[in-house]
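Asker: Input file: structure-v4.json. Contents: JSON, C-alpha atoms.
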```json
[["chain", "number", "residue", "atom", "x", "y", "z"],
["A", 1092, "MET", "CA", 13.28, -3.17, -4.28],
["A", 1093, "HIS", "CA", 10.13, -3.32, -6.42],
["A", 1094, "TYR", "CA", 7.03, -5.15, -5.13],
["A", 1095, "GLU", "CA", 3.68, -6.17, -6.57],
["A", 1096, "TYR", "CA", 0.83, -7.07, -4.22],
["A", 1097, "LYS", "CA", -2.48, -8.66, -5.27],
["A", 1098, "THR", "CA", -5.16, -7.00, -3.17],
["A", 1099, "ARG", "CA", -8.04, -8.80, -1.43],
["A", 1100, "GLY", "CA", -11.52, -7.44, -0.69],
["A", 1101, "VAL", "CA", -11.16, -4.04, -2.38],
["A", 1102, "CYS", "CA", -11.89, -2.49, -5.78],
["A", 1103, "SER", "CA", -8.23, -2.18, -6.82],
["A", 1104, "SER", "CA", -6.69, -5.38, -8.15],
["A", 1105, "LYS", "CA", -3.08, -4.80, -7.16],
["A", 1106, "ILE", "CA", -0.60, -2.36, -5.68],
["A", 1107, "LEU", "CA", 2.84, -1.70, -7.13],
["A", 1108, "PHE", "CA", 5.46, -0.02, -4.94],
["A", 1109, "ASP", "CA", 9.14, 0.27, -4.11],
["A", 1110, "VAL", "CA", 10.93, 0.12, -0.77],
["A", 1111, "GLU", "CA", 14.51, 1.32, -0.60],
["A", 1112, "ASP", "CA", 16.33, 1.88, 2.69],
["A", 1113, "ASN", "CA", 12.99, 1.48, 4.52],
["A", 1114, "ILE", "CA", 11.39, 4.34, 2.51],
["A", 1115, "VAL", "CA", 8.21, 3.86, 0.44],
["A", 1116, "SER", "CA", 8.10, 5.21, -3.12],
["A", 1117, "ASN", "CA", 6.41, 4.81, -6.50],
["A", 1118, "VAL", "CA", 3.10, 3.54, -5.07],
["A", 1119, "ARG", "CA", 0.54, 2.76, -7.79],
["A", 1120, "PHE", "CA", -2.90, 1.27, -7.33],
["A", 1121, "ILE", "CA", -4.21, -0.70, -10.31],
["A", 1122, "GLY", "CA", -7.98, -0.37, -10.62],
["A", 1123, "GLY", "CA", -10.29, 1.05, -8.00],
["A", 1124, "CYS", "CA", -10.94, 4.72, -7.41],
["A", 1125, "ASN", "CA", -8.23, 6.62, -9.27],
["A", 1126, "GLY", "CA", -8.43, 9.73, -7.07],
["A", 1127, "ASN", "CA", -8.18, 7.83, -3.79],
["A", 1128, "GLY", "CA", -5.34, 5.70, -5.14],
["A", 1129, "GLN", "CA", -3.41, 8.78, -6.20],
["A", 1130, "GLY", "CA", -4.05, 10.46, -2.84],
["A", 1131, "ILE", "CA", -2.83, 7.49, -0.82],
["A", 1132, "SER", "CA", 0.18, 7.14, -3.12],
["A", 1133, "ARG", "CA", 1.20, 10.77, -2.75],
["A", 1134, "LEU", "CA", 0.81, 10.71, 1.02],
["A", 1135, "ALA", "CA", 2.89, 7.54, 1.40],
["A", 1136, "GLU", "CA", 5.66, 8.77, -0.92],
["A", 1137, "GLY", "CA", 8.94, 9.24, 0.94],
["A", 1138, "MET", "CA", 7.60, 7.97, 4.28],
["A", 1139, "PRO", "CA", 9.26, 5.24, 6.36],
["A", 1140, "VAL", "CA", 7.59, 1.85, 5.97],
["A", 1141, "ASP", "CA", 6.68, 1.59, 9.67],
["A", 1142, "GLU", "CA", 4.98, 4.98, 9.66],
["A", 1143, "VAL", "CA", 2.84, 4.14, 6.61],
["A", 1144, "ILE", "CA", 1.83, 0.86, 8.27],
["A", 1145, "ALA", "CA", 1.01, 2.58, 11.57],
["A", 1146, "ARG", "CA", -1.16, 5.21, 9.87],
["A", 1147, "LEU", "CA", -3.02, 2.94, 7.43],
["A", 1148, "LYS", "CA", -3.40, -0.47, 9.07],
["A", 1149, "GLY", "CA", -6.99, -1.11, 10.12],
["A", 1150, "VAL", "CA", -8.66, 1.56, 7.95],
["A", 1151, "LYS", "CA", -11.98, 0.17, 6.75],
["A", 1152, "CYS", "CA", -14.10, 1.07, 3.72],
["A", 1153, "GLY", "CA", -17.81, 1.07, 4.53],
["A", 1154, "MET", "CA", -18.92, -2.35, 5.76],
["A", 1155, "LYS", "CA", -15.78, -4.07, 4.42],
["A", 1156, "SER", "CA", -13.15, -5.35, 6.83],
["A", 1157, "THR", "CA", -10.40, -3.69, 4.77],
["A", 1158, "SER", "CA", -9.71, -0.79, 2.39],
["A", 1159, "CYS", "CA", -7.10, 0.28, -0.15],
["A", 1160, "PRO", "CA", -5.07, 2.05, 2.58],
["A", 1161, "ASP", "CA", -5.27, -1.08, 4.77],
["A", 1162, "GLN", "CA", -4.22, -3.23, 1.81],
["A", 1163, "LEU", "CA", -1.15, -1.02, 1.27],
["A", 1164, "ALA", "CA", -0.23, -1.52, 4.94],
["A", 1165, "THR", "CA", -0.67, -5.28, 4.55],
["A", 1166, "ALA", "CA", 1.44, -5.25, 1.38],
["A", 1167, "LEU", "CA", 4.24, -3.39, 3.18],
["A", 1168, "ILE", "CA", 4.13, -5.82, 6.10],
["A", 1169, "GLU", "CA", 4.44, -8.78, 3.73],
["A", 1170, "ALA", "CA", 7.20, -7.10, 1.71],
["A", 1171, "THR", "CA", 9.30, -6.31, 4.76],
["A", 1172, "GLN", "CA", 8.93, -9.81, 6.21],
["A", 1173, "LYS", "CA", 10.46, -11.43, 3.11]]
```
What is this file in structure tokens?
Answerer:
Amino acid sequence: MHYEYKTRGVCSSKILFDVEDNIVSNVRFIGGCNGNGQGISRLAEGMPVDEVIARLKGVKCGMKSTSCPDQLATALIEATQK
């Protein structure tokens, strides 16, 4: 299933991704640092949802209370609770 998540507190404005049979794919960050977005996307590709959440939840960017990786984890939590 395809999801779109509006980010909060980070440079990217939204995250697009798919979850099929509990596997994450097609992650795209809109806005923000293109290189970091691509890196996170490639690392998450093909991973189980719970593993991506476990690895990325709580990652902070500088003095912010969140980050793009943390926002992906939050997006996956919300998507799987629906």
Asker: For Val1143 in chain A, please output as a list in words all residues within 9 Å (counting all atoms listed in the file; exclusion window: fewer than 5 positions along the same chain).
Answerer: Val1115, Leu1134, Ala1135, Met1138, Lys1148, Leu1163, Ala1164 and Leu1167 of chain A
Asker: Measure the distance from CA of Asp1112 in chain A to CA of His1093 in chain A in Å and round it to one decimal.
Answerer: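 Here the two named atoms are 12.2 Å from each other.
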Asker: Considering only C-alpha atoms, can you say which of A:Cys1102, A:Cys1124, A:Met1092, A:Ile1114 comes closest to Val1140 in chain A?
Answerer: A:Ile1114
Asker: Measure the distance from CA of Asn1127 in chain A to CA of Glu1169 in chain A in Å and round it to one decimal.
Answerer: 22.2 Å
Asker: What's the separation between CA of Ser1132 in chain A and CA of Pro1160 in chain A, in Å to one decimal place?
Answerer: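 Spanning CA of Ser1132 in chain A to CA of Pro1160 in chain A is a straight-line distance of 9.3 Å.
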Asker: Using all atoms listed in the file for the distances, tell me which of A:Gly1149, A:Tyr1094, A:Cys1159, A:Gly1100 is nearest to Asn1125 in chain A.
Answerer: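 When distances to Asn1125 in chain A are compared using all atoms listed in the file, the smallest one comes from A:Cys1159.
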Asker: Using all atoms listed in the file for the distances, tell me which of A:Gly1123, A:Ser1116, A:Asp1161, A:Glu1142 is nearest to Ser1104 in chain A.
Answerer: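 Of the candidates, the smallest distance to Ser1104 in chain A is held by A:Gly1123.
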Asker: Find the spatial neighbours of Tyr1096 in chain A, counting all atoms listed in the file, within a cut-off of 7 Å - ignore same-chain residues fewer than 2 positions away - and output them as a ChimeraX atom specification.
Answerer: /A:1094,1098,1105-1107,1166
Asker: Which residue gives the smallest distance to Pro1139 in chain A among A:Ser1103, A:Asn1113, A:Glu1095, A:Phe1108, with all atoms listed in the file counted?
Answerer: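 So, comparing all the options, the nearest one is A:Asn1113.
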